[in-house]
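Visitor: Here's a structure for you.
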Amino acid sequence: MSRNNRVWILFAGLASLAIPLLWSASSGLTPRTVAVGWLLLGCLVGLAISQGLAELLVLALLLLPGLHVTLVSQAGMKALEAYGLGARVLLALGFHGALCSLAQQADDRRVRTLLRLGATGAVVLAFAWGLWNRSLLLSAALLGCSAAALLLLRSRKAHD
Amino acid sequence: MRRALLAATWLACCLPAASSQSLSFPQGLQPYRFNPILVQGIASHAESQILITGALFDGREVALFTGAGTPAPGGALRCLAYVDEEIAALYVRIRRAAGNTLELAVPVEASGPRLSVYGSPEPLRNSSRWIAEASSPQQLRPGDIWVLPQESETAALRAAGIHVLMPGLAAEETPGSSPVWQGYRLFAPDLGEATLTAVLAKQQDKLLEFKERYRELVIGASFHAPRIDREAPLVFPPATPAGIAYTLHREILNDSVGPLYRYALLGFSLPLLAGVALMKRRQALLALAGSLLAGFLTLTLLAPPELRSLTVELALPEARERGISLERVSPETPKRYQYRQRGIPPGSCTLVYRVILAPGGEVPLQPFDREELLAFNQLPEVRQERGRLFLRSPSPLSAWSLHEPE
């Protein structure tokens, strides 16, 4: 893991730890606001690090407890409901990671940057509008399709 | 202009003519109370799935009571619904085993404030719409009138905000000469129906203003207060009772991450952050993250849901004076907070403010059901499951209630 990646993951972890412990503003927080906030943090840090599966997994695992504590303590969710929403955030983060990896397949650097930024905005907005609330299966299917497309593209490139 | 809910209908109209289901309200239908609703004619246990909704004036419907598999001894089902002045109509839907649904509708009248009169020697048949006769002293609230046949000890009644009306002639009290919640002394030449009605009509503005002020206190719920330093002693500058309660609510309950979650989060995050900073091998780092996460999940899944509550009790007249000092009284558990004003004089009218935070906004009904007069800052739904009653609300359950001297 590169030094740059470590720094960004440490930043995300510290933010995820500090927000529930230091910010006592429970009355105005809804579960969706909290989830979108954590997803945005994860997506932005995910953009900054050069994405590998291990880095993404560590980032996601590091974000999950802070998200869970904020959902339960400050947004008033039950523990099991909070795990469900946490799982949706993780699936959305994975989908974002897969889209960003797909964007990396483009040859032009400017196109790559634009595609990654577009994917970040699209994932966060779709989450905020409730796409990930419809069905956990749909979220998993989105992630699976994007990952399959990524693997297919990579294998074709390797074959070429 | 505020709308008030007073008494509504006693019987509902049934949609299917052949149906024997009927509704009744054993204690009337009153605003800011949990109103018992009796549904009669429930044939079997399978028919006892019931949903009561309230239609708001803007047309929306909000759930007030849901009960599934509710026991119906003797074919009668007892439900509870909290109503306030926003509710224009109640709909009761009973789902039958066959799949069809029966709907009963109850219109709720909105009107201005109304005063209850108790003790009149003659029935007040021709009285105005703003006067109602009470059948027992327990029905009287601040701003209502107790007719006394002779001069007697009235201090306790007036201290409770109840006006007393006696025979005789006396000079009228000048406004502002008595404390805020002191009931008036009224006099009538005799206690006949016509004289009583005339005396009350003459004092109508003054009496309705008092009643309206009481209603404002109960339903106003405009909580505001300056921030206080948590380390400072709990002595407040001039403030309203609601402001003090709100300050305590914000300062105490909003410190919301409990010790279990705090330590679980630190115990997970700090070792993993150290691992990210120091460990070279990805597999080892992933193994560490996975094991720490498994520990975190186990701990948080096994932890009982946290129910936090705060209760503040304030004497009303003193709350408007110079400064208020609260003392903490024996908490039932470490996570429950109760505060009481120092030296509440016996016989004073008190205001109790209570907020309960619970996961999912669901708490047992009992802490709220006991209150004498109750005002929520939202419409909670009462849910019945296997005989137990719960309150459910999307926001923290805040209630405040006036307690009159016994």
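To be explicit about the labels: the chains of the structure tokens are called A, B, and onward in the order shown, and within each one the residues are counted from 1, while ligands get numbers from 1 in the order they are shown.
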Identify every residue of chain A that has at least one atom within 8 Å of any atom of chain B, counting only C-alpha atoms, and report the result as a ChimeraX atom specification.
Guide: /A:1,6-7,9-10,13-14,17,20-21,24-27,54,57-58,61-62,65-66,69-70,72-74,76-80
Visitor: Can you tell me, as a ChimeraX atom specification, what residues are no more than 10 Å from B:Pro137 when counting only C-alpha atoms, ignoring any on the same chain fewer than 2 positions away?
Guide: /B:116-119,134-135,139-141,145-146
Visitor: If you count only C-alpha atoms, which residues fall within 10 Å of stretch 41-53 of chain A, apart from same-chain ones fewer than 6 positions away, as a PyMOL selection string?
Guide: chain A and resi 1-13+15-16+35+59-60+62-63+89-90+92-94+96-98+100-101+104+113+116-117+119-121+123-124
Visitor: Have a look at atom CA of B:Pro36 and atom CA of B:Leu80 and let me know their distance in Å, one decimal.
Guide: 4.6 Å
Visitor: I'd like the contact shell of B:Ala63 - 12 Å cut-off, only C-alpha atoms, skipping same-chain residues fewer than 2 positions apart - returned as a list in words.
Guide: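 Using only C-alpha atoms, the neighbours found are Ile50, Leu51, Ile52, Thr53, Gly54, Ala55, Leu56, Arg60, Glu61, Phe65, Thr66, Gly67, Leu80, Ala81, Tyr82, Val83, Ile87, Leu90, Tyr91, Val92, Arg93, Leu379, Pro380, Glu381, Val382, Arg383, Leu391, Arg392 and Ser393 of chain B.
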Visitor: Could you write out that same residue set with C-alpha atoms as a JSON list (two decimals), in the first residue's frame?
Guide:
[["chain", "number", "residue", "atom", "x", "y", "z"],
["B", 50, "ILE", "CA", -57.56, -2.63, 13.39],
["B", 51, "LEU", "CA", -56.13, 0.64, 12.13],
["B", 52, "ILE", "CA", -57.19, 4.08, 13.35],
["B", 53, "THR", "CA", -56.05, 7.07, 11.34],
["B", 54, "GLY", "CA", -56.61, 10.78, 11.78],
["B", 55, "ALA", "CA", -57.46, 13.00, 8.82],
["B", 56, "LEU", "CA", -55.68, 16.34, 9.04],
["B", 60, "ARG", "CA", -53.40, 13.91, 4.85],
["B", 61, "GLU", "CA", -54.02, 10.86, 7.02],
["B", 65, "PHE", "CA", -53.38, 3.30, 16.37],
["B", 66, "THR", "CA", -52.49, -0.06, 14.90],
["B", 67, "GLY", "CA", -53.34, -3.37, 16.47],
["B", 80, "LEU", "CA", -56.09, 4.25, 22.35],
["B", 81, "ALA", "CA", -55.55, 7.23, 20.08],
["B", 82, "TYR", "CA", -53.80, 10.49, 20.81],
["B", 83, "VAL", "CA", -55.51, 13.43, 19.13],
["B", 87, "ILE", "CA", -57.28, 16.13, 13.59],
["B", 90, "LEU", "CA", -61.04, 9.75, 12.70],
["B", 91, "TYR", "CA", -61.22, 6.68, 10.48],
["B", 92, "VAL", "CA", -61.39, 3.24, 12.03],
["B", 93, "ARG", "CA", -60.69, 0.36, 9.65],
["B", 379, "LEU", "CA", -48.80, 13.04, 16.79],
["B", 380, "PRO", "CA", -47.50, 9.70, 18.02],
["B", 381, "GLU", "CA", -48.88, 6.38, 16.87],
["B", 382, "VAL", "CA", -50.01, 3.89, 19.49],
["B", 383, "ARG", "CA", -49.17, 0.31, 18.55],
["B", 391, "LEU", "CA", -45.65, 4.73, 21.18],
["B", 392, "ARG", "CA", -43.99, 5.27, 17.85],
["B", 393, "SER", "CA", -42.86, 8.57, 16.45]]
Visitor: Measuring between only C-alpha atoms, which one of B:Asn377, B:Gly343, B:Ser348, B:His249 shows the shortest distance to B:Ala155?
Guide: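 Using only C-alpha atoms, B:Ala155 sits closest to B:Ser348.
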Visitor: Write out as a ChimeraX atom specification which residues come within 8 Å of B:Pro121 when counting only C-alpha atoms, dropping same-chain ones fewer than 3 positions away.
Guide: /B:191-193
Visitor: Store the residues picked out above in a file with N, CA and C atoms, as a PDB file, in the first residue's frame.
Guide:
ATOM      1  N   LEU B 191     -77.915  32.176  42.659  1.00  0.00           N
ATOM      2  CA  LEU B 191     -77.319  31.108  41.854  1.00  0.00           C
ATOM      3  C   LEU B 191     -78.323  30.489  40.879  1.00  0.00           C
ATOM      4  N   GLY B 192     -79.334  31.225  40.516  1.00  0.00           N
ATOM      5  CA  GLY B 192     -80.279  30.741  39.512  1.00  0.00           C
ATOM      6  C   GLY B 192     -79.622  30.659  38.138  1.00  0.00           C
ATOM      7  N   GLU B 193     -80.216  29.873  37.283  1.00  0.00           N
ATOM      8  CA  GLU B 193     -79.614  29.641  35.967  1.00  0.00           C
ATOM      9  C   GLU B 193     -79.444  30.942  35.192  1.00  0.00           C
TER      10      GLU B 193
END
